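These notes are about the structure you will find just below.
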Amino acid sequence: MKCRSSKLICLAIVLLSCFPASFAQSRTPDASDASAGPTLTFRKIFKSSYPEFAEIKINEDGSGTYDIRQLDDTPSPQPMQIGQALAHKLFELAAELHNFHDVDLDVHRRIADLGQKTFSYEKGAEKFQVTFNYTLNSAANQLLAIFDGLQRQELDLSDMVRTMRYDHLGVNDVMTRVQSDIRNKLLPEPEALLPTLDQLAANDELVDIARQRARAIAEQIRNGH
């Protein structure tokens with residue numbers, strides 16, 4: 001009997017050794033999941049506009065994704081990274097709104113459709129969200145302004161890259177828009193545009209006025225816009 005038990009134990013050890021360590025790990029709950037940091041999500045749906053759909057997700061460390069498109073387009077979230085200071089500001093404003101738990105932001109008045117906006121907070125099993133068309137809440141409007149600015153910033157950046165590669169004649173129009181956004185302080189982190197602006201300024205395949213404008217915008221950002 002003892003011999004048979006020993007053989008069974010040996011067989012079990014051999015079988016276990018055939019499986020990679022990752023198999024055992026996959027069967028065990030990841031401790032990091034429970035301690036995962038919070039995520040803020042901003043979603044805006046505004047039919048018959050451009051863009052009709054925007055969704056930005058930001059983690060506490062500033063990493064995240066954005067998906068900006070028309071509603072009929074295929075979802076295509078792209079990675080993004082914002083600075084720690086800006087990420088901290090976003091979560092600070094969310095905290096003022098109790099992370100959207102039992103919060104009513106809409107004015108509940110008959111006004112024009114300004115797009116359906118949704119703020120969400122998620123951490124582990126906790127998930128709260130609030131949806132509104134228009135609000136008078138100061139913290140909510142600050143949060144909205146930052147997310148709207150990040151949306152505009154990503155559009156400016158993607159349009160600069162697209163026109164530099166595929167539409168040289170369209171670069172100057174994009175530069176004009178970016179210059180206006182910088183002048184009106186609509187972009188939360190204009191420094192994120194600098195690498196692409198420097199590429200545009202150095203690209204001798206582009207018209208000179210576009211290169212000059214890219215150079216001027218980059219200088220304006222570096223000087224504190």
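The chains in the structure tokens are called A, B, ... from first to last as shown; in each chain the residues are counted from 1, and the ligands are counted from 1 in the order shown.
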Open item on the list: Could you list, as JSON, numbers by chain, every residue within 8 Å of Ile146 in chain A, counting only C-alpha atoms and ignoring same-chain residues fewer than 5 positions away?
Closed with: {"A": [90, 187, 188]}
Spatial neighbours of Leu157 in chain A, 9 Å, only C-alpha atoms, chain gap at least 3 places, as a PDB file with C-alpha atoms, in the first residue's frame:
```
ATOM      1  CA  ARG A 152      -9.126  68.987 -28.715  1.00  0.00           C
ATOM      2  CA  GLN A 153      -5.429  68.393 -27.994  1.00  0.00           C
ATOM      3  CA  GLU A 154      -5.540  64.823 -29.316  1.00  0.00           C
ATOM      4  CA  MET A 160      -0.824  67.402 -37.549  1.00  0.00           C
ATOM      5  CA  VAL A 161       0.551  63.884 -37.980  1.00  0.00           C
ATOM      6  CA  ARG A 162      -1.996  63.000 -40.681  1.00  0.00           C
ATOM      7  CA  VAL A 178      -3.538  74.885 -33.398  1.00  0.00           C
ATOM      8  CA  ALA A 192       2.624  67.387 -25.757  1.00  0.00           C
ATOM      9  CA  LEU A 193       2.548  68.922 -29.260  1.00  0.00           C
ATOM     10  CA  THR A 196       5.388  66.934 -33.750  1.00  0.00           C
TER      11      THR A 196
END
```
Next on the checklist: Using DSSP secondary structure from the backbone, list all helix (DSSP H, G or I) positions within range 52-186 of chain A, as an MDAnalysis selection string.
Outcome noted: chainID A and resid 84:96 98:100 138:166 168:183
Restricting it to C-alpha atoms, dump the selection as a tab-separated table (two decimals), in the first residue's frame.
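Okay, this is what ended up in part_12.tsv:
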```tsv
chain	number	residue	atom	x	y	z
A	84	GLN	CA	1.06	63.71	-13.01
A	85	ALA	CA	-0.03	67.22	-12.07
A	86	LEU	CA	-2.92	67.19	-14.53
A	87	ALA	CA	-3.96	63.67	-13.51
A	88	HIS	CA	-3.94	64.75	-9.87
A	89	LYS	CA	-6.14	67.75	-10.74
A	90	LEU	CA	-8.67	65.52	-12.50
A	91	PHE	CA	-8.96	63.14	-9.54
A	92	GLU	CA	-9.07	66.08	-7.13
A	93	LEU	CA	-12.06	67.55	-8.98
A	94	ALA	CA	-13.74	64.14	-9.08
A	95	ALA	CA	-13.28	63.85	-5.32
A	96	GLU	CA	-15.03	67.21	-4.88
A	98	HIS	CA	-17.82	62.55	-4.36
A	99	ASN	CA	-16.50	60.50	-7.29
A	100	PHE	CA	-19.96	60.91	-8.88
A	138	SER	CA	-18.17	74.69	-10.78
A	139	ALA	CA	-16.11	71.54	-10.17
A	140	ALA	CA	-17.98	69.67	-12.91
A	141	ASN	CA	-17.40	72.50	-15.39
A	142	GLN	CA	-13.69	72.57	-14.56
A	143	LEU	CA	-13.51	68.81	-15.10
A	144	LEU	CA	-15.44	69.14	-18.35
A	145	ALA	CA	-13.14	71.91	-19.59
A	146	ILE	CA	-10.05	69.75	-19.01
A	147	PHE	CA	-11.52	66.70	-20.74
A	148	ASP	CA	-12.79	68.82	-23.64
A	149	GLY	CA	-9.31	70.33	-23.87
A	150	LEU	CA	-7.69	66.88	-23.94
A	151	GLN	CA	-10.06	65.89	-26.73
A	152	ARG	CA	-9.13	68.99	-28.72
A	153	GLN	CA	-5.43	68.39	-27.99
A	154	GLU	CA	-5.54	64.82	-29.32
A	155	LEU	CA	-7.42	65.97	-32.44
A	156	ASP	CA	-4.83	68.70	-33.07
A	157	LEU	CA	-2.01	66.21	-32.65
A	158	SER	CA	-3.55	63.52	-34.87
A	159	ASP	CA	-4.40	66.09	-37.58
A	160	MET	CA	-0.82	67.40	-37.55
A	161	VAL	CA	0.55	63.88	-37.98
A	162	ARG	CA	-2.00	63.00	-40.68
A	163	THR	CA	-1.45	66.10	-42.81
A	164	MET	CA	2.34	65.91	-42.45
A	165	ARG	CA	2.22	62.38	-43.89
A	166	TYR	CA	-0.61	62.50	-46.40
A	168	HIS	CA	1.00	68.59	-47.22
A	169	LEU	CA	-1.33	71.28	-48.54
A	170	GLY	CA	-3.57	70.88	-45.51
A	171	VAL	CA	-0.81	71.38	-42.92
A	172	ASN	CA	-1.11	75.16	-42.82
A	173	ASP	CA	-4.86	75.01	-42.07
A	174	VAL	CA	-4.16	72.70	-39.13
A	175	MET	CA	-1.37	75.01	-37.94
A	176	THR	CA	-3.79	77.94	-37.99
A	177	ARG	CA	-6.25	76.02	-35.82
A	178	VAL	CA	-3.54	74.89	-33.40
A	179	GLN	CA	-2.25	78.44	-33.10
A	180	SER	CA	-5.77	79.62	-32.24
A	181	ASP	CA	-6.15	76.86	-29.62
A	182	ILE	CA	-2.85	77.87	-28.01
A	183	ARG	CA	-3.75	81.55	-28.05
```
Practice task
Quick one: everything within 9 Å of Arg69 in chain A, counting only C-alpha atoms, minus sequence neighbours fewer than 2 positions away in the same chain. Send it as number ranges by chain.
Solution key: A: 50-54, 67, 71-76
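Using only C-alpha atoms, the contacts of Gln129 in chain A at a cut-off of 7 Å, with sequence neighbours closer than 3 positions omitted, comprise Phe100, His101, Thr118, Phe119, Ser120 and Tyr121 of chain A.
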For Leu206 in chain A, the closest of A:Glu219, A:Glu191, A:Asp167, A:Asp104 counting only C-alpha atoms is A:Asp167
Practice task
Select from range 47-217 of chain A everything DSSP, run on the backbone, classes as strand (DSSP E or B), then give the selection as a VMD selection string.
Solution key: chain A and resid 53 to 59 63 to 69 78 to 81 106 116 to 123 126 to 132 135
